[in-house]
>>> print(open('target.txt').read())   # compact mmCIF, C-alpha atoms
# COMPACT_ATOMS: atom_id res chain seq x y z
CA MET A 1 -20.55 21.83 7.71
CA ALA A 2 -21.65 22.72 4.17
CA VAL A 3 -19.24 23.34 1.29
CA TYR A 4 -20.08 25.48 -1.75
CA ALA A 5 -19.44 23.51 -4.94
CA HIS A 6 -20.82 22.71 -8.39
CA ARG A 7 -22.74 19.70 -9.67
CA TYR A 8 -22.00 18.46 -13.19
CA PHE A 9 -24.75 16.31 -14.63
CA TYR A 10 -25.10 15.54 -18.35
CA GLY A 11 -23.42 18.81 -19.28
CA ARG A 12 -25.45 20.99 -16.89
CA GLN A 13 -23.77 22.89 -14.07
CA GLU A 14 -25.73 23.71 -10.92
CA GLU A 15 -24.73 25.43 -7.67
CA VAL A 16 -25.28 23.13 -4.67
CA TYR A 17 -24.10 22.47 -1.13
CA VAL A 18 -22.17 19.32 -0.22
CA PHE A 19 -22.43 17.90 3.28
CA GLU A 20 -19.77 15.88 5.06
CA GLU A 21 -22.31 13.19 5.96
CA LYS A 22 -22.01 11.81 2.41
CA GLU A 23 -18.46 10.56 2.99
CA SER A 24 -19.44 7.00 1.94
CA CYS A 25 -19.97 8.31 -1.63
CA VAL A 26 -16.82 10.42 -1.82
CA LEU A 27 -13.55 9.88 -3.71
CA LEU A 28 -10.38 11.93 -3.58
CA GLY A 29 -8.66 12.73 -6.87
CA LYS A 30 -5.20 14.00 -7.74
CA LEU A 31 -4.41 15.54 -11.12
CA LEU A 32 -0.83 14.62 -11.98
CA GLY A 33 1.53 17.03 -13.70
CA LYS A 34 1.50 20.80 -13.78
CA LYS A 35 -2.16 21.18 -14.70
CA THR A 36 -4.50 22.27 -11.94
CA CYS A 37 -7.72 22.61 -13.99
CA LEU A 38 -9.87 19.52 -14.48
CA SER A 39 -11.85 18.90 -17.66
CA MET A 40 -15.21 17.65 -16.39
CA ASP A 41 -16.35 16.71 -19.90
CA ASN A 42 -13.50 14.21 -20.21
CA LEU A 43 -14.20 12.90 -16.72
CA LEU A 44 -17.94 12.43 -17.25
CA ASP A 45 -17.30 10.61 -20.53
CA ALA A 46 -14.90 8.25 -18.76
CA TRP A 47 -17.11 7.59 -15.71
CA ASP A 48 -20.52 7.40 -17.47
CA LEU A 49 -22.45 8.28 -14.28
CA ASP A 50 -26.17 7.89 -13.67
CA ASP A 51 -26.74 10.36 -10.84
CA GLY A 52 -24.09 13.04 -11.32
CA VAL A 53 -21.16 14.19 -9.21
CA VAL A 54 -20.22 17.24 -7.16
CA THR A 55 -16.62 18.46 -7.31
CA GLU A 56 -14.67 20.53 -4.81
CA SER A 57 -11.15 21.78 -5.55
CA LEU A 58 -8.77 21.39 -2.60
CA GLY A 59 -5.85 23.14 -4.32
CA ASP A 60 -2.56 21.75 -5.65
CA GLY A 61 -4.42 19.52 -8.10
CA PHE A 62 -6.50 17.74 -5.42
CA PHE A 63 -10.27 17.32 -5.83
CA LEU A 64 -13.11 15.85 -3.78
CA PHE A 65 -15.83 14.07 -5.77
CA SER A 66 -19.22 13.58 -4.03
CA PHE A 67 -21.37 11.18 -6.02
CA GLY A 68 -25.15 11.17 -6.21
CA SER A 69 -25.25 7.45 -5.44
CA LYS A 70 -22.97 4.75 -4.09
CA SER A 71 -23.26 2.83 -7.36
CA ASP A 72 -21.77 5.82 -9.20
CA MET A 73 -18.96 6.03 -6.65
CA ILE A 74 -18.16 2.34 -7.12
CA LYS A 75 -18.25 2.78 -10.89
CA ALA A 76 -15.71 5.63 -10.74
CA TRP A 77 -13.57 3.80 -8.15
CA SER A 78 -13.49 0.67 -10.32
CA ARG A 79 -12.47 2.75 -13.33
CA GLY A 80 -9.23 3.65 -11.53
CA THR A 81 -6.82 6.05 -13.20
CA VAL A 82 -8.36 8.24 -15.91
CA TYR A 83 -6.29 9.33 -18.92
CA ALA A 84 -7.78 11.88 -21.31
CA GLU A 85 -6.20 14.53 -23.55
CA GLY A 86 -2.94 14.69 -21.63
CA GLU A 87 -4.62 14.58 -18.21
CA CYS A 88 -3.94 11.84 -15.67
CA LEU A 89 -6.35 11.68 -12.72
CA LEU A 90 -5.74 9.24 -9.87
CA VAL A 91 -8.59 8.48 -7.46
CA ARG A 92 -8.66 7.06 -3.94
CA LYS A 93 -11.43 6.36 -1.44
CA TRP A 94 -11.77 9.22 1.02
CA CYS A 95 -12.36 9.08 4.75
CA PRO A 96 -12.24 11.94 7.28
CA GLY A 97 -9.08 12.66 9.21
CA LEU A 98 -6.52 11.38 6.73
CA GLN A 99 -3.43 13.57 6.46
CA LEU A 100 -2.92 15.12 3.03
CA ASP A 101 0.79 14.26 2.92
CA ILE A 102 -0.14 10.59 3.34
CA LYS A 103 -2.47 10.90 0.36
CA ILE A 104 0.26 12.59 -1.68
CA MET A 105 2.55 9.65 -0.93
CA SER A 106 -0.05 7.25 -2.32
CA TYR A 107 -0.22 9.22 -5.57
CA VAL A 108 3.58 9.28 -5.85
CA GLN A 109 3.55 5.51 -5.39
CA GLU A 110 1.16 5.01 -8.29
CA ALA A 111 2.96 7.53 -10.51
CA VAL A 112 6.25 5.69 -9.94
CA HIS A 113 4.61 2.40 -10.88
CA ILE A 114 3.25 3.91 -14.10
CA ILE A 115 6.65 5.31 -15.12
CA ALA A 116 8.58 2.18 -14.10
CA SER A 117 6.17 -0.01 -16.09
CA SER A 118 7.73 1.31 -19.29
CA ALA A 119 10.98 -0.46 -18.33
CA GLY A 120 9.52 -3.71 -16.95
CA GLN A 121 7.10 -5.18 -14.45
CA PRO A 122 7.43 -3.31 -11.10
CA ILE A 123 7.80 -5.60 -8.09
CA ALA A 124 8.77 -3.28 -5.23
CA VAL A 125 9.47 0.43 -4.66
CA ASP A 126 12.02 1.87 -2.21
CA PHE A 127 11.43 5.52 -1.24
CA SER A 128 14.28 5.58 1.29
CA GLY A 129 16.58 7.40 -1.14
CA GLY A 130 19.17 4.62 -1.11
CA GLY A 131 20.48 5.81 -4.47
CA GLY A 132 21.21 9.29 -3.11
CA GLY A 133 19.51 12.65 -3.69
CA ASP A 134 15.97 12.45 -5.03
CA VAL A 135 16.40 8.93 -6.40
CA ILE A 136 13.57 6.39 -6.11
CA ARG A 137 14.68 2.77 -6.47
CA VAL A 138 12.32 0.33 -8.18
CA CYS A 139 12.79 -3.42 -8.42
CA ILE A 140 11.49 -4.54 -11.84
CA GLU A 141 11.25 -7.76 -13.81
CA VAL A 142 12.70 -7.43 -17.33
CA ASP A 143 13.00 -9.64 -20.40
CA VAL A 144 16.73 -10.35 -20.70
CA ASN A 145 16.28 -10.98 -24.43
CA GLN A 146 15.24 -7.35 -24.97
CA PRO A 147 17.33 -4.15 -24.69
CA LEU A 148 17.07 -2.19 -21.46
CA VAL A 149 14.87 0.90 -21.69
CA THR A 150 16.96 4.02 -21.11
CA GLY A 151 14.02 6.22 -20.17
CA VAL A 152 10.54 7.39 -21.01
CA GLU A 153 8.87 10.58 -22.17
CA VAL A 154 6.46 11.71 -19.43
CA ASP A 155 3.45 13.81 -20.41
CA ASP A 156 2.89 16.23 -17.52
CA GLY A 157 0.41 18.39 -19.39
CA ASP A 158 2.98 21.16 -19.91
CA GLY A 159 5.29 20.02 -22.68
CA GLY A 160 6.47 16.84 -21.02
CA PHE A 161 9.95 15.82 -19.92
CA TRP A 162 12.38 12.95 -20.37
CA GLN A 163 12.79 10.64 -17.36
CA SER A 164 16.01 8.65 -17.65
CA PHE A 165 16.60 5.27 -16.01
CA ARG A 166 19.76 3.89 -14.41
CA TYR A 167 20.23 0.26 -13.51
CA GLU A 168 21.95 -1.38 -10.54
CA VAL A 169 23.62 -4.17 -12.53
CA SER A 170 27.23 -5.23 -12.82
CA GLY A 171 27.19 -4.37 -16.51
CA PHE A 172 25.54 -4.97 -19.85
CA CYS A 173 26.25 -4.59 -23.55
CA PHE A 174 26.77 -0.92 -24.41
CA ASP A 175 26.00 -1.68 -28.07
CA CYS A 176 22.61 -3.44 -27.94
CA GLY A 177 21.55 -2.80 -24.35
CA ARG A 178 21.03 -6.46 -23.38
CA LEU A 179 22.04 -8.02 -20.09
CA ASP A 180 23.28 -11.47 -21.15
CA HIS A 181 26.63 -10.41 -22.64
CA LYS A 182 29.22 -7.64 -22.82
CA ARG A 183 29.98 -5.35 -25.73
CA GLU A 184 32.99 -7.31 -27.00
CA HIS A 185 30.80 -10.40 -27.44
CA CYS A 186 27.69 -8.70 -28.84
CA PRO A 187 25.95 -10.86 -31.48
CA HIS A 188 23.62 -8.00 -32.41
CA HIS A 189 24.26 -4.93 -34.49
CA PRO A 190 25.04 -1.74 -32.55
CA ARG A 191 21.94 0.37 -32.22
CA ARG A 192 20.80 3.74 -30.96
CA ARG A 193 17.55 4.27 -29.12
CA ASN A 194 15.23 7.11 -30.07
CA ARG A 195 14.09 9.31 -27.18
CA GLY A 196 10.75 10.16 -28.73
CA SER A 197 9.59 13.61 -29.72
CA THR A 198 12.67 15.37 -28.31
CA GLY A 199 14.77 14.03 -31.17
CA ASN A 200 17.65 13.18 -28.83
CA THR A 201 19.54 9.93 -29.33
CA SER A 202 22.05 8.31 -27.07
CA THR A 203 24.14 5.16 -27.11
CA TYR A 204 24.21 2.94 -24.08
CA GLY A 205 27.07 3.54 -21.71
CA SER A 206 28.19 3.92 -18.12
CA HIS A 207 25.65 6.75 -17.69
CA ASN A 208 22.96 4.01 -17.66
CA LEU A 209 24.54 2.37 -14.61
CA ALA A 210 23.59 3.34 -11.05
CA PRO A 211 25.97 3.04 -8.07
CA ARG A 212 25.55 -0.37 -6.48
CA ARG A 213 25.15 -1.03 -2.78
CA GLU A 214 28.20 -2.37 -0.97
CA GLU A 215 28.74 -6.03 -1.73
CA GLN A 216 29.05 -6.88 1.97
CA TYR A 217 25.47 -5.76 2.59
CA LYS A 218 24.27 -7.82 -0.35
CA ARG A 219 25.97 -10.91 1.02
CA GLN A 220 25.15 -10.44 4.68
CA ALA A 221 21.76 -8.74 4.65
CA PRO A 222 19.75 -9.04 1.42
CA VAL A 223 16.82 -6.64 1.18
CA HIS A 224 13.33 -8.15 1.05
CA TYR A 225 10.10 -6.25 0.59
CA PHE A 226 6.87 -6.88 2.47
CA SER A 227 3.34 -5.52 2.29
CA TRP A 228 -0.06 -6.29 3.77
CA HIS A 229 -2.43 -8.33 1.57
CA ARG A 230 -6.20 -8.50 1.63
CA PRO A 231 -7.95 -11.75 2.61
CA ALA A 232 -9.84 -13.87 0.12
CA ALA A 233 -13.49 -13.21 -0.64
CA GLY A 234 -15.73 -14.25 2.23
CA TRP A 235 -12.90 -14.07 4.77
CA VAL A 236 -11.90 -11.56 7.43
CA LYS A 237 -8.24 -10.98 8.27
CA LEU A 238 -7.12 -10.59 11.87
CA ASN A 239 -3.73 -8.96 12.36
CA PHE A 240 -2.57 -9.17 15.98
CA ASP A 241 0.50 -8.15 17.94
CA GLY A 242 1.67 -8.11 21.54
CA SER A 243 4.08 -5.69 23.20
CA PHE A 244 6.06 -6.07 26.41
CA LYS A 245 8.14 -3.16 27.69
CA GLY A 246 10.97 -4.67 29.70
CA ARG A 247 12.04 -1.32 31.16
CA THR A 248 8.62 -0.56 32.65
CA GLY A 249 7.20 -4.07 32.88
CA ARG A 250 4.02 -3.00 31.07
CA ALA A 251 2.40 -5.12 28.37
CA GLY A 252 -0.42 -4.78 25.89
CA GLY A 253 -1.97 -6.35 22.84
CA GLY A 254 -3.68 -4.94 19.79
CA GLY A 255 -5.25 -6.09 16.56
CA VAL A 256 -7.41 -5.09 13.63
CA LEU A 257 -10.08 -6.89 11.60
CA ARG A 258 -10.47 -6.08 7.90
CA GLY A 259 -12.66 -7.41 5.09
CA ALA A 260 -11.86 -8.83 1.67
CA ASP A 261 -11.84 -5.34 0.14
CA GLY A 262 -9.40 -4.11 2.78
CA SER A 263 -12.11 -2.13 4.58
CA PHE A 264 -11.88 -1.55 8.33
CA ILE A 265 -14.23 -3.63 10.48
CA ALA A 266 -12.97 -3.28 14.05
CA ALA A 267 -9.83 -2.86 16.16
CA PHE A 268 -8.79 -3.24 19.77
CA ALA A 269 -5.98 -2.21 22.12
CA ALA A 270 -5.90 -3.69 25.61
CA PRO A 271 -3.30 -3.65 28.41
CA LEU A 272 -2.29 -7.15 29.57
CA GLU A 273 -1.08 -8.50 32.90
CA THR A 274 1.93 -10.58 31.90
CA SER A 275 5.67 -10.56 32.29
CA SER A 276 6.79 -11.90 28.91
CA ALA A 277 6.55 -10.90 25.26
CA LEU A 278 5.24 -14.33 24.24
CA MET A 279 2.34 -14.18 26.69
CA ALA A 280 1.54 -10.70 25.39
CA GLU A 281 1.40 -12.07 21.83
CA ILE A 282 -0.92 -14.92 22.85
CA GLY A 283 -3.09 -12.56 24.88
CA ALA A 284 -3.46 -10.26 21.87
CA LEU A 285 -4.40 -13.22 19.66
CA GLN A 286 -7.07 -14.34 22.15
CA ASN A 287 -8.55 -10.84 22.35
CA GLY A 288 -8.68 -10.66 18.56
CA LEU A 289 -10.40 -14.03 18.25
CA ARG A 290 -12.98 -13.09 20.90
CA LEU A 291 -13.71 -9.84 19.07
CA ALA A 292 -14.14 -11.69 15.76
CA LEU A 293 -16.54 -14.17 17.38
CA LYS A 294 -18.52 -11.30 18.93
CA LEU A 295 -18.91 -9.81 15.42
CA ASN A 296 -20.10 -13.18 14.06
CA VAL A 297 -17.11 -13.68 11.76
CA LYS A 298 -17.27 -17.11 10.13
CA ARG A 299 -13.92 -17.38 8.33
CA VAL A 300 -10.87 -15.73 9.85
CA SER A 301 -7.37 -15.45 8.41
CA ILE A 302 -4.89 -14.86 11.24
CA GLU A 303 -1.56 -13.05 10.80
CA GLY A 304 0.99 -12.04 13.41
CA ASP A 305 4.70 -11.30 13.57
CA SER A 306 5.33 -13.75 16.45
CA LYS A 307 6.55 -16.88 14.68
CA ILE A 308 6.48 -18.91 17.91
CA THR A 309 2.82 -18.04 18.57
CA VAL A 310 1.74 -18.91 15.02
CA GLU A 311 3.69 -22.18 15.03
CA MET A 312 2.15 -23.24 18.36
CA LEU A 313 -1.29 -22.33 17.03
CA THR A 314 -0.83 -24.44 13.88
CA GLY A 315 0.77 -27.37 15.72
CA LYS A 316 4.25 -26.94 14.26
CA ARG A 317 5.71 -26.23 17.70
CA GLU A 318 4.88 -27.73 21.07
CA PRO A 319 4.19 -25.36 24.00
CA LYS A 320 6.82 -25.34 26.74
CA GLY A 321 5.61 -25.58 30.30
CA GLU A 322 2.21 -25.61 31.90
CA GLU A 323 1.42 -21.94 31.31
CA GLU A 324 2.02 -22.07 27.56
CA SER A 325 0.07 -25.34 27.25
CA SER A 326 -2.88 -23.89 29.15
CA VAL A 327 -3.18 -20.64 27.20
CA MET A 328 -2.72 -22.37 23.83
CA SER A 329 -5.38 -24.94 24.72
CA TYR A 330 -7.82 -22.10 25.39
CA THR A 331 -6.78 -20.35 22.16
CA ARG A 332 -7.52 -23.49 20.11
CA GLN A 333 -10.94 -23.69 21.79
CA LEU A 334 -11.65 -20.19 20.47
CA LEU A 335 -10.81 -21.38 16.95
CA GLU A 336 -13.60 -23.96 17.17
CA GLY A 337 -16.13 -21.11 17.06
CA PHE A 338 -15.28 -20.39 13.41
CA GLN A 339 -16.25 -22.33 10.30
CA GLU A 340 -12.75 -22.02 8.83
CA THR A 341 -9.44 -20.56 10.00
CA THR A 342 -5.95 -20.07 8.61
CA ALA A 343 -2.85 -18.76 10.35
CA ARG A 344 0.49 -17.57 9.05
CA HIS A 345 3.53 -15.69 10.28
CA GLU A 346 4.29 -12.26 8.78
CA PHE A 347 7.18 -9.92 9.45
CA ARG A 348 6.43 -6.72 11.34
CA GLU A 349 6.70 -4.70 8.12
CA ALA A 350 3.42 -6.32 6.98
CA ASN A 351 1.87 -6.10 10.46
CA ARG A 352 2.39 -2.44 11.28
CA SER A 353 -1.26 -1.64 12.04
CA ALA A 354 -1.41 -4.25 14.81
CA ASP A 355 2.05 -3.24 16.03
CA HIS A 356 0.85 0.36 16.45
CA LEU A 357 -2.18 -0.77 18.47
CA ALA A 358 -0.06 -3.06 20.67
CA ASN A 359 2.27 -0.21 21.57
CA MET A 360 -0.72 2.02 22.23
CA ALA A 361 -2.09 -0.60 24.64
CA ALA A 362 1.24 -1.08 26.45
CA GLU A 363 1.45 2.65 27.12
CA ALA A 364 -2.19 3.03 28.26
CA ALA A 365 -3.54 2.85 31.78
CA ALA A 366 -4.02 -0.64 33.22
CA ASP A 367 -7.84 -0.48 32.90
CA ALA A 368 -7.97 1.36 29.56
CA SER A 369 -9.12 -1.41 27.20
CA MET A 370 -10.29 0.10 23.93
CA GLU A 371 -12.36 -1.13 20.99
CA TRP A 372 -13.31 0.63 17.78
CA HIS A 373 -16.09 -0.44 15.42
CA HIS A 374 -16.61 1.01 11.91
CA HIS A 375 -14.41 4.06 12.62
CA PRO A 376 -10.72 3.49 13.53
CA PRO A 377 -8.73 5.73 15.88
CA HIS A 378 -7.15 8.71 14.15
CA SER A 379 -3.57 7.56 14.82
CA LEU A 380 -4.25 4.27 12.99
CA LEU A 381 -5.41 5.90 9.74
CA PRO A 382 -1.97 6.30 8.09
CA PHE A 383 -1.18 2.62 8.74
CA LEU A 384 -4.53 1.49 7.33
CA LEU A 385 -4.04 3.59 4.20
CA HIS A 386 -0.52 2.19 3.81
CA ASP A 387 -1.96 -1.35 3.94
CA GLN A 388 -4.93 -0.55 1.72
CA LEU A 389 -2.53 0.57 -1.01
CA SER A 390 -0.30 -2.51 -0.46
CA MET A 391 2.71 -0.23 -0.15
CA VAL A 392 5.91 -2.19 0.40
CA VAL A 393 8.37 -1.80 3.27
CA PRO A 394 12.00 -2.96 2.90
CA ARG A 395 13.59 -5.26 5.49
CA LEU A 396 17.14 -6.57 5.81
CA ILE A 397 16.99 -10.35 6.31
CA LEU A 398 20.09 -11.51 8.19
>>> encode(input="target.txt", output="structure tokens")
Amino acid sequence: MAVYAHRYFYGRQEEVYVFEEKESCVLLGKLLGKKTCLSMDNLLDAWDLDDGVVTESLGDGFFLFSFGSKSDMIKAWSRGTVYAEGECLLVRKWCPGLQLDIKIMSYVQEAVHIIASSAGQPIAVDFSGGGGGDVIRVCIEVDVNQPLVTGVEVDDGDGGFWQSFRYEVSGFCFDCGRLDHKREHCPHHPRRRNRGSTGNTSTYGSHNLAPRREEQYKRQAPVHYFSWHRPAAGWVKLNFDGSFKGRTGRAGGGGVLRGADGSFIAAFAAPLETSSALMAEIGALQNGLRLALKLNVKRVSIEGDSKITVEMLTGKREPKGEEESSVMSYTRQLLEGFQETTARHEFREANRSADHLANMAAEAAADASMEWHHHPPHSLLPFLLHDQLSMVVPRLIL
């Protein structure tokens, strides 16, 4: 299918057709704020392209950029977020079939990080609305010797607005804004913080405090945040998972192989003949290792959410019974086909892609083993994008 668009190349504008086959040289962009018009002059100055770019407006501030060469695409992708004359353009790699609302979420994630960076170093973001209403909670690292930042002026391209911050802390000095003492013991002079161009000033006070979660949840179930991480250069990561449905007695295993840049290599989902969750986990691991060997992978980094399976694989736990000993012996033989291997346990929140494939396999017909090379199944795309962006998922650790 051809799309009518415009090519911008060294200031010249030409009418051309863009074809979907050039998806490997395509980026998706989102213009943040209320602006919907993109200044191509600013963009071309920032990207410094050699072979030009074709733009297509998707509406709501979204744009598709088709580059004349892959080197130009990599150059723009490496440049990351572009700031110019009040415009903020975020770019992401594009692939067919991705849902637009998933893309929007990725832009919100980056925008939150940019805003939160004015208060400290962002560590994790919680979009679950735990603070109530439209609140987004961000865990940040701050310098306790410096006053807390009460907010930031955000330039949205239409006059800007003031974004205030509230902190989930037991209290701090309402005179100087520091965390290490209370107002009655403040060694610093009282101060007021300027809110920028708006001219508003405000002392610190209870309005800078956010409602805290119930203390019992903090004591009994602290929140930890997990995300998928890319393997080291020269390595391929295998995420595997097994699923056993006790109600139906059906089992399956799934896994995905990805490169050092987070790119998709291959995936599998295969029903398994077993009557236990542990055997399903080991079966999924074996299928993943065989697939990696078939693709001539030399260095594989293994991750799964079955702690028992990983500990048996690394020798930290002895197999129980003849069946476990036999299957683990075969699994270690598969490892000998690689130059180097590592294995570690990860919680399910960082293993969601493999978890999705395992459930798909457990619900499939008994002879419906599936493999995907180069192009993942459509239902896996949101999970892959989530991992590619290293988006965090909260988990209560009991």
>>> closest_residue(input="target.txt", among="A:Ser117, A:Ser369, A:Thr150, A:Asn296", to="Gly205 of chain A", atoms="all atoms listed in the file")
A:Thr150
>>> closest_residue(input="target.txt", among="A:His375, A:Arg395, A:Lys70, A:Arg317", to="Arg348 of chain A", atoms="all atoms listed in the file")
A:Arg395
>>> closest_residue(input="target.txt", among="A:Asp41, A:Glu363, A:Asp355, A:Asp72", to="Val53 of chain A", atoms="all atoms listed in the file")
A:Asp72
>>> atom_distance(input="target.txt", atom1="atom CA of His345 of chain A", atom2="atom CA of Ala365 of chain A")
29.3 Å
>>> closest_residue(input="target.txt", among="A:Ser71, A:Gln333, A:Val154, A:Arg137", to="Ile114 of chain A", atoms="all atoms listed in the file")
A:Val154
>>> closest_residue(input="target.txt", among="A:Glu324, A:Asp51, A:Asp143, A:Glu371", to="Phe268 of chain A", atoms="all atoms listed in the file")
A:Glu371
>>> residues_near_point(input="target.txt", point="(-9.3, -1.0, 3.0)", cutoff="10 Å", atoms="all atoms listed in the file", output="ChimeraX atom specification")
/A:93,230,258-265,384-390
